[in-house]
>>> print(open('work.pdb').read())   # PDB, C-alpha atoms
ATOM      1  CA  MET A   9       0.000   0.000   0.000  1.00  0.00           C
ATOM      2  CA  LYS A  10       1.291   3.460  -0.894  1.00  0.00           C
ATOM      3  CA  THR A  11       1.766   6.283   1.545  1.00  0.00           C
ATOM      4  CA  GLU A  12       2.963   9.811   0.900  1.00  0.00           C
ATOM      5  CA  GLY A  13       6.546   8.627   1.419  1.00  0.00           C
ATOM      6  CA  VAL A  14       7.473   5.166   0.142  1.00  0.00           C
ATOM      7  CA  ASN A  15       5.684   2.066  -1.116  1.00  0.00           C
ATOM      8  CA  ILE A  16       5.293  -0.117   1.966  1.00  0.00           C
ATOM      9  CA  ARG A  17       3.402  -3.067   3.321  1.00  0.00           C
ATOM     10  CA  THR A  18       1.244  -1.882   6.185  1.00  0.00           C
ATOM     11  CA  PHE A  19       0.959  -5.366   7.755  1.00  0.00           C
ATOM     12  CA  SER A  20      -2.680  -4.498   8.581  1.00  0.00           C
ATOM     13  CA  SER A  21      -5.681  -6.186   6.985  1.00  0.00           C
ATOM     14  CA  PRO A  22      -8.692  -4.170   5.776  1.00  0.00           C
ATOM     15  CA  ARG A  23     -10.700  -5.346   8.798  1.00  0.00           C
ATOM     16  CA  GLU A  24      -7.913  -4.247  11.144  1.00  0.00           C
ATOM     17  CA  GLU A  25      -7.777  -0.829   9.509  1.00  0.00           C
ATOM     18  CA  GLU A  26     -11.541  -0.462   9.867  1.00  0.00           C
ATOM     19  CA  TYR A  27     -11.187  -1.397  13.530  1.00  0.00           C
ATOM     20  CA  LEU A  28      -8.555   1.319  14.065  1.00  0.00           C
ATOM     21  CA  LYS A  29     -10.676   3.878  12.236  1.00  0.00           C
ATOM     22  CA  ALA A  30     -13.542   3.105  14.630  1.00  0.00           C
ATOM     23  CA  GLN A  31     -11.500   4.053  17.704  1.00  0.00           C
ATOM     24  CA  GLN A  32     -11.768   7.560  19.118  1.00  0.00           C
ATOM     25  CA  GLY A  33     -11.023   9.586  22.253  1.00  0.00           C
ATOM     26  CA  ARG A  34      -8.580  12.029  23.773  1.00  0.00           C
ATOM     27  CA  THR A  35      -5.204  10.283  23.547  1.00  0.00           C
ATOM     28  CA  ALA A  36      -3.984   7.174  21.766  1.00  0.00           C
ATOM     29  CA  LEU A  37      -0.657   5.506  22.531  1.00  0.00           C
ATOM     30  CA  GLU A  38       1.018   3.509  19.762  1.00  0.00           C
ATOM     31  CA  ILE A  39       3.951   1.291  20.723  1.00  0.00           C
ATOM     32  CA  GLY A  40       5.750   0.507  17.486  1.00  0.00           C
ATOM     33  CA  CYS A  41       4.663   2.752  14.632  1.00  0.00           C
ATOM     34  CA  TYR A  42       6.942   1.743  11.728  1.00  0.00           C
ATOM     35  CA  VAL A  43       6.638   4.465   9.049  1.00  0.00           C
ATOM     36  CA  GLY A  44       3.324   5.842  10.259  1.00  0.00           C
ATOM     37  CA  TRP A  45       0.467   4.214   8.369  1.00  0.00           C
ATOM     38  CA  THR A  46      -1.535   3.164  11.434  1.00  0.00           C
ATOM     39  CA  THR A  47      -0.457   6.378  13.154  1.00  0.00           C
ATOM     40  CA  ARG A  48      -2.243   8.335  10.445  1.00  0.00           C
ATOM     41  CA  LEU A  49      -5.431   6.359  11.040  1.00  0.00           C
ATOM     42  CA  LEU A  50      -5.302   7.108  14.763  1.00  0.00           C
ATOM     43  CA  ALA A  51      -4.438  10.778  14.238  1.00  0.00           C
ATOM     44  CA  GLU A  52      -7.703  11.175  12.343  1.00  0.00           C
ATOM     45  CA  ARG A  53      -9.720   9.939  15.319  1.00  0.00           C
ATOM     46  CA  PHE A  54      -7.888  11.097  18.439  1.00  0.00           C
ATOM     47  CA  GLU A  55      -7.084  14.558  19.777  1.00  0.00           C
ATOM     48  CA  LYS A  56      -3.494  13.424  20.411  1.00  0.00           C
ATOM     49  CA  VAL A  57      -1.393  10.418  19.393  1.00  0.00           C
ATOM     50  CA  ILE A  58       1.791   9.441  21.220  1.00  0.00           C
ATOM     51  CA  VAL A  59       4.135   7.035  19.451  1.00  0.00           C
ATOM     52  CA  ILE A  60       7.049   5.102  20.931  1.00  0.00           C
ATOM     53  CA  ASP A  61       9.590   3.489  18.631  1.00  0.00           C
ATOM     54  CA  THR A  62      13.346   3.066  18.324  1.00  0.00           C
ATOM     55  CA  PHE A  63      13.085   3.523  14.526  1.00  0.00           C
ATOM     56  CA  GLU A  64      16.266   1.444  14.324  1.00  0.00           C
ATOM     57  CA  GLY A  65      15.138  -2.163  13.868  1.00  0.00           C
ATOM     58  CA  GLU A  66      16.821  -3.996  10.987  1.00  0.00           C
ATOM     59  CA  ALA A  67      13.532  -5.600   9.928  1.00  0.00           C
ATOM     60  CA  GLU A  68      11.825  -2.222   9.757  1.00  0.00           C
ATOM     61  CA  LYS A  69      14.598  -0.721   7.647  1.00  0.00           C
ATOM     62  CA  LYS A  70      14.507  -3.699   5.290  1.00  0.00           C
ATOM     63  CA  ASN A  71      10.726  -3.481   4.864  1.00  0.00           C
ATOM     64  CA  ALA A  72      10.952   0.255   4.174  1.00  0.00           C
ATOM     65  CA  GLY A  73      13.624  -0.208   1.523  1.00  0.00           C
ATOM     66  CA  ASN A  74      16.667   0.406   3.746  1.00  0.00           C
ATOM     67  CA  VAL A  75      15.750   4.058   4.229  1.00  0.00           C
ATOM     68  CA  ASP A  76      15.759   6.158   7.380  1.00  0.00           C
ATOM     69  CA  VAL A  77      12.608   4.901   9.130  1.00  0.00           C
ATOM     70  CA  LEU A  78      12.183   7.981  11.351  1.00  0.00           C
ATOM     71  CA  ARG A  79      12.541  10.302   8.377  1.00  0.00           C
ATOM     72  CA  GLU A  80       9.906   8.335   6.458  1.00  0.00           C
ATOM     73  CA  PHE A  81       7.611   8.364   9.474  1.00  0.00           C
ATOM     74  CA  LYS A  82       7.849  12.157   9.717  1.00  0.00           C
ATOM     75  CA  ARG A  83       7.263  12.536   5.999  1.00  0.00           C
ATOM     76  CA  ASN A  84       4.222  10.262   6.020  1.00  0.00           C
ATOM     77  CA  THR A  85       2.676  12.068   9.005  1.00  0.00           C
ATOM     78  CA  LYS A  86       3.790  15.641   8.321  1.00  0.00           C
ATOM     79  CA  ARG A  87       0.284  17.015   7.832  1.00  0.00           C
ATOM     80  CA  TYR A  88      -0.776  15.949  11.335  1.00  0.00           C
ATOM     81  CA  ARG A  89      -0.037  18.303  14.203  1.00  0.00           C
ATOM     82  CA  ASN A  90      -1.360  16.072  16.980  1.00  0.00           C
ATOM     83  CA  ILE A  91       1.417  13.449  16.968  1.00  0.00           C
ATOM     84  CA  ARG A  92       4.092  13.297  19.665  1.00  0.00           C
ATOM     85  CA  ILE A  93       7.171  11.163  19.005  1.00  0.00           C
ATOM     86  CA  LEU A  94       9.031   9.445  21.842  1.00  0.00           C
ATOM     87  CA  LYS A  95      12.130   7.861  20.295  1.00  0.00           C
ATOM     88  CA  GLY A  96      13.656   5.046  22.273  1.00  0.00           C
ATOM     89  CA  CYS A  97      12.913   1.799  24.080  1.00  0.00           C
ATOM     90  CA  SER A  98       9.281   1.431  25.110  1.00  0.00           C
ATOM     91  CA  PHE A  99      10.282   0.114  28.535  1.00  0.00           C
ATOM     92  CA  LEU A 100      11.903   3.458  29.366  1.00  0.00           C
ATOM     93  CA  ARG A 101       9.902   5.988  27.350  1.00  0.00           C
ATOM     94  CA  ILE A 102       6.598   4.691  28.666  1.00  0.00           C
ATOM     95  CA  PHE A 103       7.354   6.421  31.977  1.00  0.00           C
ATOM     96  CA  ASP A 104       7.088   9.784  30.195  1.00  0.00           C
ATOM     97  CA  ILE A 105       3.364   9.279  29.585  1.00  0.00           C
ATOM     98  CA  ASP A 106       0.408  10.380  31.701  1.00  0.00           C
ATOM     99  CA  PHE A 107      -1.813   7.311  31.437  1.00  0.00           C
ATOM    100  CA  SER A 108      -4.786   9.048  33.020  1.00  0.00           C
ATOM    101  CA  GLU A 109      -5.358  10.691  29.618  1.00  0.00           C
ATOM    102  CA  VAL A 110      -4.819   7.594  27.452  1.00  0.00           C
ATOM    103  CA  ASP A 111      -8.024   6.045  26.075  1.00  0.00           C
ATOM    104  CA  PHE A 112      -6.519   3.572  23.613  1.00  0.00           C
ATOM    105  CA  ILE A 113      -3.217   1.665  23.359  1.00  0.00           C
ATOM    106  CA  PHE A 114      -2.080  -0.060  20.173  1.00  0.00           C
ATOM    107  CA  ILE A 115       0.835  -2.461  20.741  1.00  0.00           C
ATOM    108  CA  ASP A 116       2.844  -3.425  17.665  1.00  0.00           C
ATOM    109  CA  GLY A 117       6.426  -3.108  18.876  1.00  0.00           C
ATOM    110  CA  GLY A 118       9.202  -5.662  19.163  1.00  0.00           C
ATOM    111  CA  HIS A 119       8.103  -9.162  18.174  1.00  0.00           C
ATOM    112  CA  ASP A 120      10.503 -11.115  20.381  1.00  0.00           C
ATOM    113  CA  TYR A 121       9.055 -12.746  23.491  1.00  0.00           C
ATOM    114  CA  GLU A 122      10.687 -10.490  26.092  1.00  0.00           C
ATOM    115  CA  THR A 123       9.735  -7.223  24.377  1.00  0.00           C
ATOM    116  CA  ALA A 124       6.175  -8.372  23.706  1.00  0.00           C
ATOM    117  CA  CYS A 125       5.757  -9.378  27.358  1.00  0.00           C
ATOM    118  CA  GLY A 126       7.132  -6.050  28.534  1.00  0.00           C
ATOM    119  CA  ASP A 127       4.898  -3.977  26.278  1.00  0.00           C
ATOM    120  CA  ILE A 128       1.754  -5.904  27.241  1.00  0.00           C
ATOM    121  CA  LEU A 129       2.522  -5.952  30.969  1.00  0.00           C
ATOM    122  CA  ILE A 130       3.445  -2.293  31.319  1.00  0.00           C
ATOM    123  CA  SER A 131       0.467  -1.182  29.241  1.00  0.00           C
ATOM    124  CA  ALA A 132      -1.906  -3.283  31.328  1.00  0.00           C
ATOM    125  CA  PHE A 133      -0.386  -2.241  34.651  1.00  0.00           C
ATOM    126  CA  ARG A 134      -0.231   1.490  34.029  1.00  0.00           C
ATOM    127  CA  SER A 135      -3.385   2.059  31.995  1.00  0.00           C
ATOM    128  CA  ARG A 136      -6.517   3.313  33.702  1.00  0.00           C
ATOM    129  CA  THR A 137      -9.684   1.298  34.169  1.00  0.00           C
ATOM    130  CA  GLY A 138     -11.701   1.338  30.957  1.00  0.00           C
ATOM    131  CA  CYS A 139      -8.727   1.946  28.669  1.00  0.00           C
ATOM    132  CA  GLU A 140      -8.968  -0.100  25.469  1.00  0.00           C
ATOM    133  CA  ILE A 141      -5.857  -2.053  24.482  1.00  0.00           C
ATOM    134  CA  ALA A 142      -5.102  -3.772  21.181  1.00  0.00           C
ATOM    135  CA  VAL A 143      -2.184  -6.109  20.502  1.00  0.00           C
ATOM    136  CA  HIS A 144      -1.258  -6.686  16.852  1.00  0.00           C
ATOM    137  CA  ASP A 145       0.137  -9.873  15.297  1.00  0.00           C
ATOM    138  CA  THR A 146      -1.506 -12.256  17.765  1.00  0.00           C
ATOM    139  CA  ARG A 147      -2.117 -14.887  15.093  1.00  0.00           C
ATOM    140  CA  PRO A 148       0.865 -16.942  13.871  1.00  0.00           C
ATOM    141  CA  SER A 149       1.535 -16.571  10.147  1.00  0.00           C
ATOM    142  CA  LYS A 150       4.100 -18.734   8.344  1.00  0.00           C
ATOM    143  CA  ASN A 151       6.046 -19.310  11.584  1.00  0.00           C
ATOM    144  CA  LYS A 152       6.083 -15.561  12.274  1.00  0.00           C
ATOM    145  CA  ASN A 153       4.706 -13.757  15.326  1.00  0.00           C
ATOM    146  CA  ILE A 154       5.011 -16.943  17.418  1.00  0.00           C
ATOM    147  CA  ALA A 155       6.646 -15.045  20.293  1.00  0.00           C
ATOM    148  CA  VAL A 156       3.866 -12.439  20.411  1.00  0.00           C
ATOM    149  CA  VAL A 157       1.233 -15.198  20.515  1.00  0.00           C
ATOM    150  CA  GLN A 158       3.094 -16.976  23.317  1.00  0.00           C
ATOM    151  CA  ALA A 159       3.457 -13.753  25.315  1.00  0.00           C
ATOM    152  CA  LEU A 160      -0.229 -12.892  25.017  1.00  0.00           C
ATOM    153  CA  ASN A 161      -1.424 -16.422  25.846  1.00  0.00           C
ATOM    154  CA  ARG A 162       0.706 -16.481  28.951  1.00  0.00           C
ATOM    155  CA  LEU A 163      -0.162 -12.994  30.217  1.00  0.00           C
ATOM    156  CA  LEU A 164      -3.807 -12.563  29.292  1.00  0.00           C
ATOM    157  CA  PRO A 165      -5.100 -14.801  32.137  1.00  0.00           C
ATOM    158  CA  LEU A 166      -2.945 -12.883  34.646  1.00  0.00           C
ATOM    159  CA  ILE A 167      -3.935  -9.284  33.922  1.00  0.00           C
ATOM    160  CA  PRO A 168      -7.283  -7.657  34.790  1.00  0.00           C
ATOM    161  CA  VAL A 169      -9.054  -7.371  31.441  1.00  0.00           C
ATOM    162  CA  THR A 170     -12.521  -7.859  30.018  1.00  0.00           C
ATOM    163  CA  ALA A 171     -14.304  -7.847  26.648  1.00  0.00           C
ATOM    164  CA  VAL A 172     -11.617  -9.884  24.894  1.00  0.00           C
ATOM    165  CA  ARG A 173     -12.200 -10.253  21.156  1.00  0.00           C
ATOM    166  CA  TYR A 174     -10.170 -10.771  17.975  1.00  0.00           C
ATOM    167  CA  ILE A 175     -10.198  -8.780  14.736  1.00  0.00           C
ATOM    168  CA  ASP A 176      -8.038 -10.842  12.411  1.00  0.00           C
ATOM    169  CA  SER A 177      -4.583 -10.677  14.103  1.00  0.00           C
ATOM    170  CA  ILE A 178      -5.557  -7.950  16.585  1.00  0.00           C
ATOM    171  CA  CYS A 179      -6.473  -8.972  20.116  1.00  0.00           C
ATOM    172  CA  HIS A 180      -8.651  -6.286  21.705  1.00  0.00           C
ATOM    173  CA  PHE A 181      -9.460  -6.047  25.416  1.00  0.00           C
ATOM    174  CA  VAL A 182     -10.511  -3.476  27.994  1.00  0.00           C
ATOM    175  CA  ARG A 183      -8.610  -2.721  31.189  1.00  0.00           C
ATOM    176  CA  ALA A 184     -10.744  -3.947  34.077  1.00  0.00           C
ATOM    177  CA  ARG A 185     -10.909  -2.753  37.647  1.00  0.00           C
ATOM    178  CA  ARG A 186      -8.203  -4.135  39.923  1.00  0.00           C
ATOM    179  CA  GLY A 187      -9.073  -6.447  42.772  1.00  0.00           C
ATOM    180  CA  ARG A 188      -8.349  -5.324  46.323  1.00  0.00           C
ATOM    181  CA  PHE A 189      -5.620  -7.901  46.820  1.00  0.00           C
ATOM    182  CA  ASP A 190      -4.407  -7.889  43.251  1.00  0.00           C
ATOM    183  CA  LEU A 191      -0.680  -8.481  42.794  1.00  0.00           C
ATOM    184  CA  ILE A 192      -0.678  -5.922  40.000  1.00  0.00           C
ATOM    185  CA  ARG A 193      -1.063  -3.087  42.511  1.00  0.00           C
ATOM    186  CA  HIS A 194       2.280  -4.030  44.007  1.00  0.00           C
ATOM    187  CA  ILE A 195       3.968  -4.522  40.624  1.00  0.00           C
ATOM    188  CA  GLU A 196       2.730  -1.183  39.345  1.00  0.00           C
ATOM    189  CA  ARG A 197       4.348   0.621  42.277  1.00  0.00           C
ATOM    190  CA  GLN A 198       7.586  -1.215  41.641  1.00  0.00           C
ATOM    191  CA  LEU A 199       7.649  -0.205  37.976  1.00  0.00           C
ATOM    192  CA  ASP A 200       8.029   3.425  39.003  1.00  0.00           C
ATOM    193  CA  ASN A 201      11.148   2.511  40.951  1.00  0.00           C
ATOM    194  CA  ILE A 202      12.841   0.443  38.236  1.00  0.00           C
ATOM    195  CA  LYS A 203      14.346   3.346  36.312  1.00  0.00           C
ATOM    196  CA  TYR A 204      15.769   4.842  39.511  1.00  0.00           C
ATOM    197  CA  TYR A 205      17.170   1.453  40.519  1.00  0.00           C
ATOM    198  CA  VAL A 206      18.878   1.092  37.134  1.00  0.00           C
ATOM    199  CA  LEU A 207      20.434   4.548  37.485  1.00  0.00           C
ATOM    200  CA  TYR A 208      21.594   3.668  41.020  1.00  0.00           C
ATOM    201  CA  GLU A 209      23.216   0.443  39.796  1.00  0.00           C
ATOM    202  CA  LEU A 210      24.997   2.250  36.977  1.00  0.00           C
ATOM    203  CA  GLY A 211      26.263   4.873  39.391  1.00  0.00           C
ATOM    204  CA  PHE A 212      27.451   2.212  41.829  1.00  0.00           C
ATOM    205  CA  TYR A 213      29.451   0.292  39.203  1.00  0.00           C
ATOM    206  CA  PHE A 214      30.924   3.535  37.889  1.00  0.00           C
ATOM    207  CA  TRP A 215      32.068   4.337  41.439  1.00  0.00           C
ATOM    208  CA  LEU A 216      33.664   0.879  41.747  1.00  0.00           C
ATOM    209  CA  PHE A 217      35.417   1.363  38.420  1.00  0.00           C
ATOM    210  CA  GLN A 218      36.794   4.738  39.449  1.00  0.00           C
ATOM    211  CA  LYS A 219      37.904   3.379  42.815  1.00  0.00           C
ATOM    212  CA  SER A 220      39.651   0.435  41.165  1.00  0.00           C
ATOM    213  CA  LYS A 221      41.312   2.755  38.684  1.00  0.00           C
ATOM    214  CA  GLY A 222      42.483   5.019  41.484  1.00  0.00           C
ATOM    215  CA  GLY A 223      43.921   2.082  43.401  1.00  0.00           C
ATOM    216  CA  LYS A 224      45.953   0.959  40.409  1.00  0.00           C
ATOM    217  CA  ASN A 225      47.321   4.462  39.912  1.00  0.00           C
ATOM    218  CA  GLY A 226      48.275   4.614  43.577  1.00  0.00           C
ATOM    219  CA  ARG A 227      50.222   1.373  43.365  1.00  0.00           C
ATOM    220  CA  LYS A 228      52.036   2.565  40.238  1.00  0.00           C
ATOM    221  CA  ASN A 229      53.049   5.789  41.954  1.00  0.00           C
ATOM    222  CA  SER A 230      54.361   3.949  44.996  1.00  0.00           C
ATOM    223  CA  GLU A 231      56.383   1.584  42.797  1.00  0.00           C
ATOM    224  CA  ASN A 232      57.856   4.509  40.874  1.00  0.00           C
ATOM    225  CA  GLY A 233      58.761   6.215  44.136  1.00  0.00           C
TER     226      GLY A 233
END
>>> encode(input="work.pdb", output="structure tokens")
Amino acid sequence: MKTEGVNIRTFSSPREEEYLKAQQGRTALEIGCYVGWTTRLLAERFEKVIVIDTFEGEAEKKNAGNVDVLREFKRNTKRYRNIRILKGCSFLRIFDIDFSEVDFIFIDGGHDYETACGDILISAFRSRTGCEIAVHDTRPSKNKNIAVVQALNRLLPLIPVTAVRYIDSICHFVRARRGRFDLIRHIERQLDNIKYYVLYELGFYFWLFQKSKGGKNGRKNSENG
């Protein structure tokens, strides 16, 4: 299918595109936006669209003809003024979002098992009650998307959701109210601390490195003396 930039495959069926066109609200979050075809559909229906993507995946560059994916995304979406780009890993950039304003989340990011699990978990944990979530590529096709299917099948029974339905390869569900003793309440609080813990660990190892380096320099000076 042709966009304003390059000839690309959108990886979305007609039914999936109709589903996306039917969504509406204040803010949509898209995790994994490729060169912007689905982003354009959401930008027509939402007041604001936030996209998270590294724009650096080898598969994405190959599918787009080995061009600069971010540049093509900007070119394909240049007429929309309601799109906010967060470049980087979804696990980190997702903390820059106010989820109280997000009405719809479209997950189509990394297709390895770990990334798919992370995107689904964080979206489910941090989204508000009533937020609609859609995960793309949840049907295996020619031995592709297996990891996404496995991630969803394992996590879906563990997260508080309702109204689960499928539109071709899209799995749609609604964030349900948390139970009083739900483990997710604890995990959600811990997610806020992860980025600070990572920074603390990096600082600690840097301190050890500097200390070790200083000790070696001290021994060299004593030997020279």
>>> resolve_selection(input="work.pdb", expression="the PyMOL selection byres ((chain A and resi 177) around 7)", output="list in words")
His144, Asp145, Thr146, Arg147, Tyr174, Ile175, Asp176, Ile178 and Cys179 of chain A
>>> resolve_selection(input="work.pdb", expression="the PyMOL selection byres ((chain A and resi 172) around 12)", output="ChimeraX atom specification")
/A:140-143,160,164-165,167-171,173-175,178-184
>>> closest_residue(input="work.pdb", among="A:Phe54, A:Phe114, A:Tyr121, A:Gly138", to="Arg162 (chain A)", atoms="all atoms listed in the file")
A:Tyr121
>>> closest_residue(input="work.pdb", among="A:Ser21, A:Ile102, A:Ile128, A:Arg34", to="Asp116 (chain A)", atoms="only C-alpha atoms")
A:Ile128
>>> atom_distance(input="work.pdb", atom1="CA of Leu78 (chain A)", atom2="CA of Cys139 (chain A)")
27.8 Å
>>> atom_distance(input="work.pdb", atom1="CA of Ile60 (chain A)", atom2="CA of Arg185 (chain A)")
25.8 Å
>>> closest_residue(input="work.pdb", among="A:Gly126, A:Glu25, A:Tyr88, A:Arg134", to="Asp106 (chain A)", atoms="all atoms listed in the file")
A:Arg134
